[in-house]
Amino acid sequence: MSNLQIGLAVLGGLVLAAMAAHAAWSARKNQPRQAAPSDPGDGPAIESQVGAGIEPGLDAAAFDVASFPLPLVEKRASMDALIDVIAPIALECLISGDAALAAMPPTRRAGSKPFSIEGFNETGQRWEMPLAGQRYSLFQAGVQLANRSGALNEIEYSEFVMKTQAFCDAINGSPDFPEMREEVARARELDQFASDHDAQLGFVLRARHAAWSPGYVQQNAARLGFVAGVIPGRMVVPASVAGMPPVLGLSFDTQAALADDPAQSAIRDVAISLDVAQVDRSERAFERMREAALALADSMDGVVTDDNGQPLAPEAMDMIGAELEQLYDTLDQRDLSAGSALARRLFS
């Protein structure tokens, strides 16, 4: 074999090796980023406790009631003439809660609007949903004027009347219905206000270079207070008050979260959302949303954009924040403060 042939063979081998190395480098570069392993410093401490021969015991003090405070459950808001059509129901005598429950319609909606019946508890002197074992001197039926599906229309109002009348017939009550035309007009006005002041904000965090695995996203989001949601691929920042809607939401591809091997699923964008009317103003929701988006962009090598993929400059975020303050003031003036029971019902 001549020197030329040997040289060409060596050169060919080097080219093949370079191509293989480049392919391996490209595959590694394009592989989704993975969550960091747990701190190895935790391992020995845990292992040292296992099999140490310590007899398990029961600490009675640990089961003290004070150690397990019950979460605060928000009382369901009563009907309010601001967002409900209310029909008073007069009674000939006291009605038991059992009889009222038996007369309730099978569904609690009139078309797309929530429908409810409340009774005035003779003992507690308050309006409430009928309860077994209680006695009621008055009832009232109501249907919501508007929600995100639109304003109450004539067909829905008629369904409200029929359901209320059937309930009244069963308990020998006499309803007093408001005039339909006036209520439908009021519903349209409220729906127009709600449409003009309904803010649902969203930031999109996009990967600059390498994609992310679901575990990588979850690990970085958890450092900022996000916890797993009910739906796969969704995380939330809980409200400061138990039982209230979450302050922020974070979502990514559900299929990636449900994949057989999530570590190999590639995620290139993550959405961070805020439903303004559902969250109390004191939660500083937009400020926290902005801080979370920028922190994730920094730690995950991403960029914060709008829905159209345009990067969001700090000046644009400042402008959004100023507009939100005006929106909060407008809702307050209308007695529909963000996060209040009425606002959550209207903007739902």
# chains A, B, ... in the order shown; residues from 1 in each chain; ligands from 1

call {"tool": "residues_around", "arguments": {"residues": "Ser340 in chain A", "least_positions_apart": "2", "cutoff": "9 Å", "atoms": "only C-alpha atoms", "output": "list in words"}}
result
Ala277, Gln278, Val279, Asp280, Asp335, Leu336, Ser337, Ala338, Leu342, Ala343, Arg344 and Arg345 of chain A

call {"tool": "write_last_selection", "arguments": {"atoms": "N, CA, C and O atoms", "output": "mmCIF file, in the first residue's frame"}}
result
data_model
loop_
_atom_site.group_PDB
_atom_site.id
_atom_site.type_symbol
_atom_site.label_atom_id
_atom_site.label_comp_id
_atom_site.auth_asym_id
_atom_site.auth_seq_id
_atom_site.Cartn_x
_atom_site.Cartn_y
_atom_site.Cartn_z
ATOM 1 N N ALA A 277 -59.680 38.656 37.928
ATOM 2 C CA ALA A 277 -60.884 38.823 38.747
ATOM 3 C C ALA A 277 -61.018 37.763 39.830
ATOM 4 O O ALA A 277 -61.732 37.969 40.818
ATOM 5 N N GLN A 278 -60.339 36.637 39.680
ATOM 6 C CA GLN A 278 -60.466 35.540 40.636
ATOM 7 C C GLN A 278 -59.540 35.687 41.837
ATOM 8 O O GLN A 278 -59.701 34.965 42.827
ATOM 9 N N VAL A 279 -58.580 36.602 41.762
ATOM 10 C CA VAL A 279 -57.538 36.688 42.789
ATOM 11 C C VAL A 279 -57.620 38.029 43.507
ATOM 12 O O VAL A 279 -57.711 39.094 42.867
ATOM 13 N N ASP A 280 -57.565 37.991 44.821
ATOM 14 C CA ASP A 280 -57.640 39.205 45.620
ATOM 15 C C ASP A 280 -56.466 40.134 45.305
ATOM 16 O O ASP A 280 -55.343 39.693 45.074
ATOM 17 N N ASP A 335 -68.364 47.573 43.276
ATOM 18 C CA ASP A 335 -68.612 46.569 44.317
ATOM 19 C C ASP A 335 -68.390 45.147 43.797
ATOM 20 O O ASP A 335 -69.053 44.203 44.222
ATOM 21 N N LEU A 336 -67.433 45.025 42.858
ATOM 22 C CA LEU A 336 -67.067 43.723 42.304
ATOM 23 C C LEU A 336 -65.552 43.548 42.437
ATOM 24 O O LEU A 336 -64.866 43.171 41.480
ATOM 25 N N SER A 337 -65.040 43.815 43.603
ATOM 26 C CA SER A 337 -63.591 43.770 43.822
ATOM 27 C C SER A 337 -63.013 42.421 43.427
ATOM 28 O O SER A 337 -63.626 41.371 43.660
ATOM 29 N N ALA A 338 -61.828 42.464 42.826
ATOM 30 C CA ALA A 338 -61.165 41.232 42.407
ATOM 31 C C ALA A 338 -60.995 40.296 43.593
ATOM 32 O O ALA A 338 -60.593 40.719 44.679
ATOM 33 N N LEU A 342 -68.593 37.831 44.696
ATOM 34 C CA LEU A 342 -69.390 38.269 43.544
ATOM 35 C C LEU A 342 -68.552 38.288 42.270
ATOM 36 O O LEU A 342 -69.016 37.874 41.199
ATOM 37 N N ALA A 343 -67.322 38.785 42.360
ATOM 38 C CA ALA A 343 -66.456 38.822 41.181
ATOM 39 C C ALA A 343 -66.140 37.418 40.689
ATOM 40 O O ALA A 343 -66.134 37.152 39.480
ATOM 41 N N ARG A 344 -65.890 36.499 41.608
ATOM 42 C CA ARG A 344 -65.565 35.132 41.185
ATOM 43 C C ARG A 344 -66.762 34.459 40.520
ATOM 44 O O ARG A 344 -66.594 33.643 39.619
ATOM 45 N N ARG A 345 -67.958 34.806 40.958
ATOM 46 C CA ARG A 345 -69.152 34.240 40.325
ATOM 47 C C ARG A 345 -69.386 34.857 38.952
ATOM 48 O O ARG A 345 -69.701 34.163 37.978
#

call {"tool": "residues_around", "arguments": {"residues": "range 105-115 of chain A", "least_positions_apart": "2", "cutoff": "9 Å", "atoms": "only C-alpha atoms", "output": "VMD selection string"}}
result
chain A and resid 101 to 103 117 141 to 147 149 to 152 155 to 160 163 to 164 166 to 167

call {"tool": "write_last_selection", "arguments": {"atoms": "N, CA and C atoms", "output": "short mmCIF file (atom, residue, chain, number, x, y, z; two decimals), in the first residue's frame"}}
result
data_model
loop_
_atom_site.label_atom_id
_atom_site.label_comp_id
_atom_site.auth_asym_id
_atom_site.auth_seq_id
_atom_site.Cartn_x
_atom_site.Cartn_y
_atom_site.Cartn_z
N LEU A 101 -85.74 20.15 50.29
CA LEU A 101 -84.75 19.37 49.52
C LEU A 101 -85.43 18.41 48.56
N ALA A 102 -86.55 17.82 48.99
CA ALA A 102 -87.28 16.90 48.13
C ALA A 102 -87.89 17.61 46.93
N ALA A 103 -88.19 18.91 47.08
CA ALA A 103 -88.83 19.67 46.00
C ALA A 103 -87.83 20.35 45.08
N ILE A 117 -81.74 28.11 45.14
CA ILE A 117 -82.86 28.40 46.04
C ILE A 117 -82.32 28.46 47.46
N ALA A 141 -85.69 32.33 45.19
CA ALA A 141 -85.02 31.66 44.07
C ALA A 141 -84.26 32.70 43.27
N GLY A 142 -83.14 32.31 42.74
CA GLY A 142 -82.33 33.26 41.99
C GLY A 142 -81.62 32.62 40.81
N VAL A 143 -81.34 33.43 39.81
CA VAL A 143 -80.55 32.99 38.67
C VAL A 143 -79.57 34.12 38.35
N GLN A 144 -78.35 33.76 38.00
CA GLN A 144 -77.30 34.75 37.78
C GLN A 144 -77.55 35.51 36.48
N LEU A 145 -77.34 36.81 36.53
CA LEU A 145 -77.61 37.66 35.37
C LEU A 145 -76.63 37.44 34.23
N ALA A 146 -75.37 37.16 34.55
CA ALA A 146 -74.35 37.03 33.51
C ALA A 146 -73.17 36.25 34.05
N ASN A 147 -72.43 35.64 33.14
CA ASN A 147 -71.14 35.04 33.44
C ASN A 147 -70.34 35.05 32.14
N SER A 149 -70.16 33.05 29.86
CA SER A 149 -70.87 32.48 28.71
C SER A 149 -71.85 33.48 28.11
N GLY A 150 -72.01 34.65 28.75
CA GLY A 150 -72.89 35.67 28.19
C GLY A 150 -73.95 36.12 29.17
N ALA A 151 -74.87 36.96 28.66
CA ALA A 151 -75.94 37.52 29.48
C ALA A 151 -77.13 36.56 29.53
N LEU A 152 -77.90 36.68 30.61
CA LEU A 152 -79.14 35.92 30.74
C LEU A 152 -80.09 36.34 29.62
N ILE A 155 -84.94 32.89 27.03
CA ILE A 155 -85.16 31.45 27.18
C ILE A 155 -84.68 30.98 28.55
N GLU A 156 -83.51 31.45 28.97
CA GLU A 156 -82.99 31.08 30.29
C GLU A 156 -83.86 31.64 31.41
N TYR A 157 -84.38 32.85 31.21
CA TYR A 157 -85.27 33.41 32.22
C TYR A 157 -86.54 32.58 32.34
N SER A 158 -87.07 32.14 31.22
CA SER A 158 -88.28 31.31 31.24
C SER A 158 -88.02 29.98 31.94
N GLU A 159 -86.83 29.41 31.73
CA GLU A 159 -86.49 28.17 32.43
C GLU A 159 -86.38 28.41 33.93
N PHE A 160 -85.84 29.55 34.31
CA PHE A 160 -85.78 29.93 35.72
C PHE A 160 -87.18 30.01 36.33
N LYS A 163 -88.70 26.39 36.72
CA LYS A 163 -88.12 25.62 37.81
C LYS A 163 -88.57 26.17 39.17
N THR A 164 -88.62 27.48 39.25
CA THR A 164 -89.06 28.09 40.51
C THR A 164 -90.53 27.77 40.79
N ALA A 166 -92.26 25.19 39.77
CA ALA A 166 -92.40 23.78 40.14
C ALA A 166 -92.03 23.58 41.61
N PHE A 167 -90.97 24.27 42.07
CA PHE A 167 -90.59 24.19 43.48
C PHE A 167 -91.70 24.76 44.36
#

call {"tool": "select_by_dssp", "arguments": {"residues": "range 49-259 of chain A", "states": "strand (DSSP E)", "output": "PyMOL selection string"}}
result
chain A and resi 84-91+95-96+109-110+113-121+126-128+135-144+146-147+150-151+173-175+200-207+227-228+234-237+248-251

call {"tool": "residues_around", "arguments": {"residues": "Val270 in chain A", "least_positions_apart": "3", "cutoff": "10 Å", "atoms": "only C-alpha atoms", "output": "list in words"}}
result
Phe203, Val204, Leu205, Arg206, Ala207, Trp212, Val217, Gly233, Arg234, Leu250, Ser251, Phe252, Asp253, Ile267, Ser273, Ala293, Leu296, Gly302 and Val304 of chain A

call {"tool": "closest_residue", "arguments": {"among": "A:Val241, A:Leu91, A:Leu331, A:Met317", "to": "Gly202 in chain A", "atoms": "only C-alpha atoms"}}
result
A:Met317

call {"tool": "residues_around", "arguments": {"residues": "range 257-266 of chain A", "least_positions_apart": "3", "cutoff": "6 Å", "atoms": "only C-alpha atoms", "output": "PyMOL selection string"}}
result
chain A and resi 32+211-213+232-233+254

call {"tool": "residues_around", "arguments": {"residues": "Ala222 in chain A", "least_positions_apart": "3", "cutoff": "12 Å", "atoms": "only C-alpha atoms", "output": "tab-separated table (two decimals) with N, CA, C and O atoms, in the first residue's frame"}}
result
chain	number	residue	atom	x	y	z
A	35	ALA	N	-33.94	17.36	35.42
A	35	ALA	CA	-33.94	17.86	36.79
A	35	ALA	C	-32.67	17.43	37.50
A	35	ALA	O	-32.15	16.33	37.27
A	215	GLY	N	-39.69	17.12	34.33
A	215	GLY	CA	-39.09	17.18	35.65
A	215	GLY	C	-38.27	18.44	35.87
A	215	GLY	O	-38.26	19.01	36.96
A	216	TYR	N	-37.59	18.90	34.82
A	216	TYR	CA	-36.77	20.11	34.91
A	216	TYR	C	-37.67	21.33	35.15
A	216	TYR	O	-37.36	22.19	35.99
A	217	VAL	N	-38.78	21.39	34.41
A	217	VAL	CA	-39.73	22.50	34.58
A	217	VAL	C	-40.31	22.47	35.99
A	217	VAL	O	-40.38	23.50	36.68
A	218	GLN	N	-40.74	21.30	36.44
A	218	GLN	CA	-41.38	21.18	37.75
A	218	GLN	C	-40.40	21.54	38.87
A	218	GLN	O	-40.77	22.20	39.84
A	219	GLN	N	-39.15	21.13	38.72
A	219	GLN	CA	-38.16	21.41	39.76
A	219	GLN	C	-37.90	22.91	39.89
A	219	GLN	O	-37.86	23.46	41.00
A	225	GLY	N	-42.44	28.39	44.47
A	225	GLY	CA	-43.72	28.26	45.17
A	225	GLY	C	-44.82	27.56	44.42
A	225	GLY	O	-45.94	27.45	44.94
A	226	PHE	N	-44.56	27.08	43.21
A	226	PHE	CA	-45.57	26.35	42.46
A	226	PHE	C	-45.70	24.93	43.01
A	226	PHE	O	-44.69	24.30	43.38
A	227	VAL	N	-46.92	24.42	43.03
A	227	VAL	CA	-47.17	23.05	43.45
A	227	VAL	C	-47.97	22.36	42.35
A	227	VAL	O	-48.58	23.01	41.50
A	228	ALA	N	-47.96	21.04	42.36
A	228	ALA	CA	-48.64	20.27	41.32
A	228	ALA	C	-50.14	20.54	41.35
A	228	ALA	O	-50.76	20.61	42.42
A	229	GLY	N	-50.73	20.70	40.17
A	229	GLY	CA	-52.16	20.89	40.07
A	229	GLY	C	-52.87	19.56	39.87
A	229	GLY	O	-52.26	18.49	39.86
A	234	ARG	N	-49.90	20.78	34.78
A	234	ARG	CA	-50.33	22.06	35.35
A	234	ARG	C	-49.83	22.19	36.79
A	234	ARG	O	-49.89	21.24	37.57
A	235	MET	N	-49.33	23.38	37.13
A	235	MET	CA	-48.91	23.71	38.48
A	235	MET	C	-49.55	25.04	38.87
A	235	MET	O	-49.93	25.83	38.00
A	236	VAL	N	-49.68	25.28	40.16
A	236	VAL	CA	-50.33	26.50	40.64
A	236	VAL	C	-49.57	27.05	41.83
A	236	VAL	O	-48.87	26.33	42.54
A	237	VAL	N	-49.75	28.36	42.05
A	237	VAL	CA	-49.31	29.01	43.28
A	237	VAL	C	-50.55	29.17	44.14
A	237	VAL	O	-51.46	29.92	43.79
A	238	PRO	N	-50.64	28.47	45.27
A	238	PRO	CA	-51.84	28.54	46.09
A	238	PRO	C	-52.06	29.93	46.67
A	238	PRO	O	-51.12	30.69	46.88
A	250	LEU	N	-49.37	27.60	35.99
A	250	LEU	CA	-48.28	27.30	35.05
A	250	LEU	C	-48.64	26.01	34.34
A	250	LEU	O	-49.03	25.02	34.99
A	292	ALA	N	-41.91	35.64	38.83
A	292	ALA	CA	-41.77	34.22	38.55
A	292	ALA	C	-41.31	33.98	37.11
A	292	ALA	O	-40.43	33.15	36.85
A	295	ALA	N	-37.64	34.99	36.79
A	295	ALA	CA	-36.77	34.05	37.51
A	295	ALA	C	-36.65	32.74	36.75
A	295	ALA	O	-35.55	32.16	36.66
A	296	LEU	N	-37.75	32.25	36.20
A	296	LEU	CA	-37.69	31.00	35.42
A	296	LEU	C	-36.89	31.20	34.14
A	296	LEU	O	-36.13	30.31	33.74

call {"tool": "select_by_dssp", "arguments": {"residues": "range 59-302 of chain A", "states": "helix (DSSP H, G or I)", "output": "ChimeraX atom specification"}}
result
/A:60-63,65-67,97-103,154-171,180-196,214-222,254-257,262-264,276-278,281-283,285-300

call {"tool": "closest_residue", "arguments": {"among": "A:Asn153, A:Ala271, A:Glu179, A:Leu224", "to": "Leu201 in chain A", "atoms": "only C-alpha atoms"}}
result
A:Ala271

call {"tool": "atom_distance", "arguments": {"atom1": "CA of Cys168 in chain A", "atom2": "CA of Ala341 in chain A"}}
result
27.8 Å

call {"tool": "residues_around", "arguments": {"residues": "Met289 in chain A", "least_positions_apart": "2", "cutoff": "9 Å", "atoms": "only C-alpha atoms", "output": "list in words"}}
result
Phe203, Val247, Leu248, Ile272, Ser273, Leu274, Arg284, Ala285, Phe286, Glu287, Glu291, Ala292, Ala293 and Leu294 of chain A

call {"tool": "write_last_selection", "arguments": {"atoms": "C-alpha atoms", "output": "compact mmCIF listing (two decimals), in the first residue's frame"}}
result
# COMPACT_ATOMS: atom_id res chain seq x y z
CA PHE A 203 -46.85 35.03 29.66
CA VAL A 247 -52.91 33.03 42.47
CA LEU A 248 -51.01 31.86 39.37
CA ILE A 272 -47.86 31.29 33.07
CA SER A 273 -51.38 32.60 33.59
CA LEU A 274 -53.32 34.95 35.87
CA ARG A 284 -49.95 41.08 44.37
CA ALA A 285 -50.65 38.58 41.65
CA PHE A 286 -49.20 40.43 38.67
CA GLU A 287 -46.01 41.38 40.51
CA GLU A 291 -41.10 37.92 39.14
CA ALA A 292 -41.77 34.22 38.55
CA ALA A 293 -41.52 34.56 34.75
CA LEU A 294 -38.21 36.43 34.90

call {"tool": "closest_residue", "arguments": {"among": "A:Val184, A:Leu138, A:Ala132, A:Leu312", "to": "Gly119 in chain A", "atoms": "only C-alpha atoms"}}
result
A:Leu138

call {"tool": "closest_residue", "arguments": {"among": "A:Asp80, A:Ala221, A:Val276, A:Ile171", "to": "Glu323 in chain A", "atoms": "only C-alpha atoms"}}
result
A:Val276
